[in-house]
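To be precise, the following lines are run11.cif, and they hold mmCIF, C-alpha atoms.
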```cif
data_target
#
loop_
_atom_site.group_PDB
_atom_site.id
_atom_site.type_symbol
_atom_site.label_atom_id
_atom_site.label_comp_id
_atom_site.auth_asym_id
_atom_site.auth_seq_id
_atom_site.Cartn_x
_atom_site.Cartn_y
_atom_site.Cartn_z
ATOM 1 C CA MET A 156 114.882 92.597 119.692
ATOM 2 C CA THR A 157 114.109 94.340 122.955
ATOM 3 C CA LEU A 158 110.426 94.937 123.518
ATOM 4 C CA ARG A 159 109.871 98.282 125.174
ATOM 5 C CA ALA A 160 107.137 98.902 127.702
ATOM 6 C CA ASP A 161 105.650 102.323 128.332
ATOM 7 C CA PRO A 162 107.468 103.740 131.401
ATOM 8 C CA GLU A 163 104.175 105.189 132.652
ATOM 9 C CA ALA A 164 102.641 101.732 132.705
ATOM 10 C CA GLY A 165 105.366 100.058 134.726
ATOM 11 C CA GLY A 166 105.963 97.159 132.340
ATOM 12 C CA LEU A 167 104.238 93.882 131.727
ATOM 13 C CA THR A 168 106.357 91.935 134.187
ATOM 14 C CA ARG A 169 104.397 93.471 137.050
ATOM 15 C CA VAL A 170 100.906 93.339 135.624
ATOM 16 C CA GLY A 171 100.707 89.799 134.267
ATOM 17 C CA LEU A 172 98.983 90.468 130.973
ATOM 18 C CA VAL A 173 97.357 87.150 130.254
ATOM 19 C CA ARG A 174 97.173 83.563 131.440
ATOM 20 C CA LEU A 175 96.577 81.132 128.596
ATOM 21 C CA ALA A 176 95.617 77.563 129.345
ATOM 22 C CA ALA A 177 98.579 75.404 128.278
ATOM 23 C CA ALA A 178 99.403 77.941 125.569
ATOM 24 C CA GLY A 179 103.108 77.316 125.216
ATOM 25 C CA GLY A 180 103.298 73.538 125.398
ATOM 26 C CA ALA A 181 100.203 72.987 123.272
ATOM 27 C CA VAL A 182 101.635 74.921 120.356
ATOM 28 C CA VAL A 183 105.381 74.507 120.579
ATOM 29 C CA ALA A 184 107.778 72.945 123.057
ATOM 30 C CA GLY A 185 110.648 75.045 121.758
ATOM 31 C CA GLY A 186 112.069 75.756 118.336
ATOM 32 C CA ALA A 187 112.749 72.085 117.591
ATOM 33 C CA ALA A 188 109.013 71.340 117.672
ATOM 34 C CA LEU A 189 108.629 73.426 114.534
ATOM 35 C CA GLY A 190 111.709 71.940 112.885
ATOM 36 C CA ILE A 191 113.694 75.147 113.283
ATOM 37 C CA ARG A 192 117.237 75.633 114.456
ATOM 38 C CA ASN A 193 118.086 78.384 116.943
ATOM 39 C CA GLY A 194 119.378 80.456 114.059
ATOM 40 C CA GLY A 195 116.128 80.107 112.140
ATOM 41 C CA ALA A 196 117.328 77.697 109.434
ATOM 42 C CA PRO A 197 114.867 74.872 108.716
ATOM 43 C CA LEU A 198 115.890 71.326 109.623
ATOM 44 C CA ALA A 199 113.931 70.042 106.602
ATOM 45 C CA ALA A 200 112.235 71.421 103.524
ATOM 46 C CA PRO A 201 108.911 73.159 104.181
ATOM 47 C CA SER A 202 106.000 70.731 104.327
ATOM 48 C CA ALA A 203 102.264 70.749 104.991
ATOM 49 C CA GLU A 204 102.946 69.488 108.518
ATOM 50 C CA THR A 205 105.468 72.247 109.207
ATOM 51 C CA ASP A 206 103.088 74.817 107.749
ATOM 52 C CA ALA A 207 100.343 73.672 110.130
ATOM 53 C CA LYS A 208 102.600 73.959 113.178
ATOM 54 C CA ILE A 209 103.809 77.420 112.190
ATOM 55 C CA LEU A 210 100.345 78.699 111.295
ATOM 56 C CA ASN A 211 98.966 77.408 114.599
ATOM 57 C CA PHE A 212 101.698 79.300 116.433
ATOM 58 C CA LEU A 213 100.747 82.480 114.557
ATOM 59 C CA LEU A 214 97.075 81.738 115.202
ATOM 60 C CA LEU A 215 97.789 81.643 118.937
ATOM 61 C CA LEU A 216 99.252 85.156 118.733
ATOM 62 C CA GLU A 217 96.307 86.413 116.669
ATOM 63 C CA TYR A 218 93.795 84.928 119.116
ATOM 64 C CA LEU A 219 95.701 86.603 121.925
ATOM 65 C CA GLN A 220 95.607 90.001 120.233
ATOM 66 C CA ASP A 221 91.957 89.636 119.212
ATOM 67 C CA ALA A 222 90.890 88.878 122.784
ATOM 68 C CA PHE A 223 93.103 91.643 124.137
ATOM 69 C CA TYR A 224 91.470 94.402 122.064
ATOM 70 C CA ARG A 225 87.960 93.078 122.660
ATOM 71 C CA GLU A 226 88.491 93.096 126.399
ATOM 72 C CA ALA A 227 90.170 96.513 126.360
ATOM 73 C CA LEU A 228 87.168 98.076 124.647
ATOM 74 C CA ARG A 229 84.871 96.428 127.153
ATOM 75 C CA ARG A 230 86.526 97.470 130.392
ATOM 76 C CA THR A 231 89.527 99.812 130.052
ATOM 77 C CA GLY A 232 87.621 103.045 129.415
ATOM 78 C CA LEU A 233 89.602 103.973 126.331
ATOM 79 C CA THR A 234 88.904 107.352 124.758
ATOM 80 C CA GLY A 235 90.227 109.458 121.912
ATOM 81 C CA GLU A 236 93.032 108.079 119.787
ATOM 82 C CA LEU A 237 93.542 104.964 121.896
ATOM 83 C CA GLU A 238 89.888 104.028 121.491
ATOM 84 C CA GLU A 239 90.126 104.645 117.746
ATOM 85 C CA PHE A 240 93.218 102.442 117.608
ATOM 86 C CA ALA A 241 91.559 99.573 119.479
ATOM 87 C CA ARG A 242 88.343 99.780 117.440
ATOM 88 C CA THR A 243 90.348 99.717 114.204
ATOM 89 C CA VAL A 244 92.938 97.098 115.089
ATOM 90 C CA GLY A 245 90.673 94.701 116.992
ATOM 91 C CA PRO A 246 88.597 93.696 113.951
ATOM 92 C CA GLN A 247 91.793 93.347 111.900
ATOM 93 C CA GLU A 248 93.178 90.848 114.426
ATOM 94 C CA SER A 249 89.866 88.999 114.330
ATOM 95 C CA GLU A 250 90.128 88.784 110.537
ATOM 96 C CA HIS A 251 93.716 87.564 110.785
ATOM 97 C CA ALA A 252 92.665 84.806 113.199
ATOM 98 C CA ALA A 253 89.745 83.798 110.979
ATOM 99 C CA PHE A 254 92.015 83.687 107.929
ATOM 100 C CA LEU A 255 94.575 81.451 109.645
ATOM 101 C CA ALA A 256 91.891 79.196 111.139
ATOM 102 C CA GLU A 257 90.255 78.787 107.733
ATOM 103 C CA ARG A 258 93.570 77.940 106.104
ATOM 104 C CA LEU A 259 94.309 75.364 108.810
ATOM 105 C CA GLY A 260 90.845 73.835 108.667
ATOM 106 C CA ALA A 261 90.510 70.832 110.972
ATOM 107 C CA ARG A 262 94.104 71.353 112.167
ATOM 108 C CA ALA A 263 93.366 74.755 113.698
ATOM 109 C CA ARG A 264 93.953 74.997 117.424
ATOM 110 C CA ALA A 265 91.121 75.967 119.764
ATOM 111 C CA ARG A 266 90.767 79.542 120.925
ATOM 112 C CA PRO A 267 92.536 79.773 124.318
ATOM 113 C CA ARG A 268 91.010 81.136 127.480
ATOM 114 C CA ALA A 269 92.482 84.517 128.431
ATOM 115 C CA ASP A 270 92.628 86.597 131.608
ATOM 116 C CA PHE A 271 94.212 90.003 131.039
ATOM 117 C CA GLY A 272 94.233 91.155 134.648
ATOM 118 C CA ASP A 273 95.812 94.496 135.494
ATOM 119 C CA ALA A 274 97.206 95.043 132.003
ATOM 120 C CA LEU A 275 93.865 96.559 131.023
ATOM 121 C CA ARG A 276 93.315 98.488 134.237
ATOM 122 C CA THR A 277 94.368 101.827 132.740
ATOM 123 C CA PRO A 278 94.819 103.238 129.224
ATOM 124 C CA ALA A 279 98.562 103.578 129.863
ATOM 125 C CA ARG A 280 98.885 99.900 130.724
ATOM 126 C CA PHE A 281 96.843 98.996 127.675
ATOM 127 C CA ARG A 282 99.107 101.064 125.438
ATOM 128 C CA ALA A 283 102.258 99.442 126.832
ATOM 129 C CA ALA A 284 100.842 95.957 126.454
ATOM 130 C CA ALA A 285 99.700 96.668 122.890
ATOM 131 C CA ILE A 286 103.237 97.695 121.918
ATOM 132 C CA GLU A 287 104.629 94.493 123.428
ATOM 133 C CA LEU A 288 102.121 92.254 121.677
ATOM 134 C CA GLU A 289 102.341 93.891 118.260
ATOM 135 C CA GLU A 290 106.130 93.766 118.210
ATOM 136 C CA ALA A 291 106.160 90.154 119.377
ATOM 137 C CA ALA A 292 103.775 89.269 116.546
ATOM 138 C CA ILE A 293 105.961 91.023 113.963
ATOM 139 C CA ALA A 294 109.064 89.181 115.172
ATOM 140 C CA ALA A 295 107.191 85.877 114.988
ATOM 141 C CA TYR A 296 105.931 86.469 111.451
ATOM 142 C CA ILE A 297 109.368 87.515 110.217
ATOM 143 C CA GLY A 298 111.003 84.551 111.910
ATOM 144 C CA GLN A 299 108.699 81.966 110.368
ATOM 145 C CA ALA A 300 107.965 83.223 106.840
ATOM 146 C CA ALA A 301 110.990 81.490 105.302
ATOM 147 C CA ASN A 302 109.999 78.162 106.849
ATOM 148 C CA LEU A 303 106.634 78.050 105.065
ATOM 149 C CA ASN A 304 105.769 76.600 101.697
ATOM 150 C CA SER A 305 105.856 79.205 98.953
ATOM 151 C CA ASP A 306 102.076 79.278 98.539
ATOM 152 C CA ALA A 307 101.678 80.273 102.208
ATOM 153 C CA VAL A 308 104.363 82.951 102.246
ATOM 154 C CA GLY A 309 102.442 85.514 100.172
ATOM 155 C CA SER A 310 99.340 85.468 102.336
ATOM 156 C CA ILE A 311 101.373 85.596 105.545
ATOM 157 C CA GLY A 312 103.304 88.560 104.140
ATOM 158 C CA THR A 313 100.029 90.441 103.813
ATOM 159 C CA LEU A 314 99.230 89.857 107.492
ATOM 160 C CA LEU A 315 102.743 90.947 108.462
ATOM 161 C CA SER A 316 102.387 94.262 106.634
ATOM 162 C CA VAL A 317 99.218 95.015 108.616
ATOM 163 C CA GLU A 318 100.875 94.045 111.909
ATOM 164 C CA ALA A 319 103.752 96.412 111.129
ATOM 165 C CA ARG A 320 101.355 99.325 110.564
ATOM 166 C CA GLN A 321 99.549 98.520 113.805
ATOM 167 C CA ALA A 322 102.802 98.484 115.764
ATOM 168 C CA ALA A 323 103.909 101.806 114.257
ATOM 169 C CA TRP A 324 100.553 103.379 115.114
ATOM 170 C CA VAL A 325 100.509 102.360 118.770
ATOM 171 C CA ARG A 326 104.192 103.213 119.224
ATOM 172 C CA ASP A 327 103.427 106.692 117.935
ATOM 173 C CA LEU A 328 100.537 106.974 120.409
ATOM 174 C CA GLY A 329 102.977 105.949 123.141
ATOM 175 C CA GLY A 330 105.356 108.764 122.245
ATOM 176 C CA VAL A 331 108.120 106.488 120.953
ATOM 177 C CA SER A 332 109.488 106.256 117.431
ATOM 178 C CA PRO A 333 107.079 104.414 115.119
ATOM 179 C CA ALA A 334 110.068 103.099 113.151
ATOM 180 C CA PRO A 335 113.022 102.728 115.543
ATOM 181 C CA ARG A 336 114.918 100.333 113.256
ATOM 182 C CA ALA A 337 115.587 100.054 109.547
ATOM 183 C CA ALA A 338 114.340 96.449 109.746
ATOM 184 C CA ASP A 339 112.826 94.275 112.453
ATOM 185 C CA SER A 340 114.706 91.213 113.637
ATOM 186 C CA ALA A 341 113.464 87.664 113.094
ATOM 187 C CA ARG A 342 112.822 85.534 116.168
ATOM 188 C CA THR A 343 112.047 81.859 116.620
ATOM 189 C CA PRO A 344 108.814 80.638 118.268
ATOM 190 C CA GLU A 345 110.825 79.614 121.317
ATOM 191 C CA GLU A 346 112.299 83.110 121.653
ATOM 192 C CA VAL A 347 108.908 84.810 121.270
ATOM 193 C CA LEU A 348 107.168 82.518 123.761
ATOM 194 C CA THR A 349 110.031 82.776 126.248
ATOM 195 C CA GLN A 350 109.910 86.573 126.059
ATOM 196 C CA LEU A 351 106.131 86.629 126.561
ATOM 197 C CA ARG A 352 106.366 84.223 129.493
ATOM 198 C CA ARG A 353 109.142 86.299 131.084
ATOM 199 C CA GLN A 354 106.957 89.381 130.832
ATOM 200 C CA GLY A 355 103.894 87.608 132.199
ATOM 201 C CA VAL A 356 102.059 87.650 128.894
ATOM 202 C CA ILE A 357 101.584 83.867 128.881
ATOM 203 C CA THR A 358 102.159 81.219 131.540
#
```

With the file now loaded, output its structure as structure tokens.
Amino acid sequence: MTLRADPEAGGLTRVGLVRLAAAGGAVVAGGAALGIRNGGAPLAAPSAETDAKILNFLLLLEYLQDAFYREALRRTGLTGELEEFARTVGPQESEHAAFLAERLGARARARPRADFGDALRTPARFRAAAIELEEAAIAAYIGQAANLNSDAVGSIGTLLSVEARQAAWVRDLGGVSPAPRAADSARTPEEVLTQLRRQGVIT
């Protein structure tokens, strides 16, 4: 899936959205670390250990989004519909992170340090970055749902449905189709993290 940046914002590759301390290696050193083949098929049956690794990967993305919207409201000067979007979505991401952390218990990763730099310098840059992050999160959720134990899949599906609505909302605010595809593609953790690193979202 190609993640589209707002042309007005110039793309995330130039703004360096966020630097997370050891974000990639601490969570996953590629798809094999989660027991997942490149095609998404599990190497072994779902287990509590696999669940913890997957949920910690999703928790990283939720922490990232939570911090992003908090910081945007603090310093980007959002107004109108963009401000409404951030004030609505930010608390939802916070709830998602809290839900995943509670489910993980003592296995939950620490909240990473974040520096959003120029990505929050203007409302247009914020909007472009929000589209990138929401679509990356959707791809990650879709890619990992089948690798979870059945009791975890239902709750994760609820989070995914909210992420999809958030992505559609911000895409509409960006003047692009809120539903450009009949279905979103699944992506492995390695693919999501590689894409975010390439775009400067994580280092």

Option closest in space to Thr205 in chain A, from A:Ala222, A:Ala261, A:Ala256, A:Leu303 [counting all atoms listed in the file]: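 Among A:Ala222, A:Ala261, A:Ala256, A:Leu303, it is A:Leu303 that comes nearest to Thr205 in chain A.
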
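Put simply, the PyMOL selection byres ((chain A and resi 278) around 9) in this file takes in Ala164, Ala227, Thr231, Gly232, Leu233, Thr234, Leu237, Ala274, Leu275, Arg276, Thr277, Ala279, Arg280, Phe281, Arg282 and Ala283 of chain A.
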
Prev. selection, C-alpha atoms, output as a PDB file, keeping the file's coordinate frame:
```pdb
ATOM      1  CA  ALA A 164     102.641 101.732 132.705  1.00  0.00           C
ATOM      2  CA  ALA A 227      90.170  96.513 126.360  1.00  0.00           C
ATOM      3  CA  THR A 231      89.527  99.812 130.052  1.00  0.00           C
ATOM      4  CA  GLY A 232      87.621 103.045 129.415  1.00  0.00           C
ATOM      5  CA  LEU A 233      89.602 103.973 126.331  1.00  0.00           C
ATOM      6  CA  THR A 234      88.904 107.352 124.758  1.00  0.00           C
ATOM      7  CA  LEU A 237      93.542 104.964 121.896  1.00  0.00           C
ATOM      8  CA  ALA A 274      97.206  95.043 132.003  1.00  0.00           C
ATOM      9  CA  LEU A 275      93.865  96.559 131.023  1.00  0.00           C
ATOM     10  CA  ARG A 276      93.315  98.488 134.237  1.00  0.00           C
ATOM     11  CA  THR A 277      94.368 101.827 132.740  1.00  0.00           C
ATOM     12  CA  ALA A 279      98.562 103.578 129.863  1.00  0.00           C
ATOM     13  CA  ARG A 280      98.885  99.900 130.724  1.00  0.00           C
ATOM     14  CA  PHE A 281      96.843  98.996 127.675  1.00  0.00           C
ATOM     15  CA  ARG A 282      99.107 101.064 125.438  1.00  0.00           C
ATOM     16  CA  ALA A 283     102.258  99.442 126.832  1.00  0.00           C
TER      17      ALA A 283
END
```

Gap from CA of Ile297 in chain A to CA of Ala319 in chain A - Å, one decimal: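 Atom-to-atom, CA of Ile297 in chain A and CA of Ala319 in chain A are spaced 10.6 Å apart.
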
Atomic separation - CA of Glu345 in chain A relative to CA of Glu217 in chain A, Å: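 Those two atoms sit 16.7 Å apart.
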
Shortest interatomic distance to Gly330 in chain A - which of A:Ala207, A:Ile286, A:Ala295, A:Ala253, counting only C-alpha atoms: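 Answer, going by the shortest atom-to-atom distance: A:Ile286.
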
From A:Val347, A:Ile293, A:Ala241, A:Leu259, residue lying nearest Val325 in chain A [all atoms listed in the file]: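 Ranked by minimum distance to Val325 in chain A, first place goes to A:Ala241.
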
Gap from CA of Thr243 in chain A to CA of Gln321 in chain A - Å, one decimal: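 The value is 9.3 Å.
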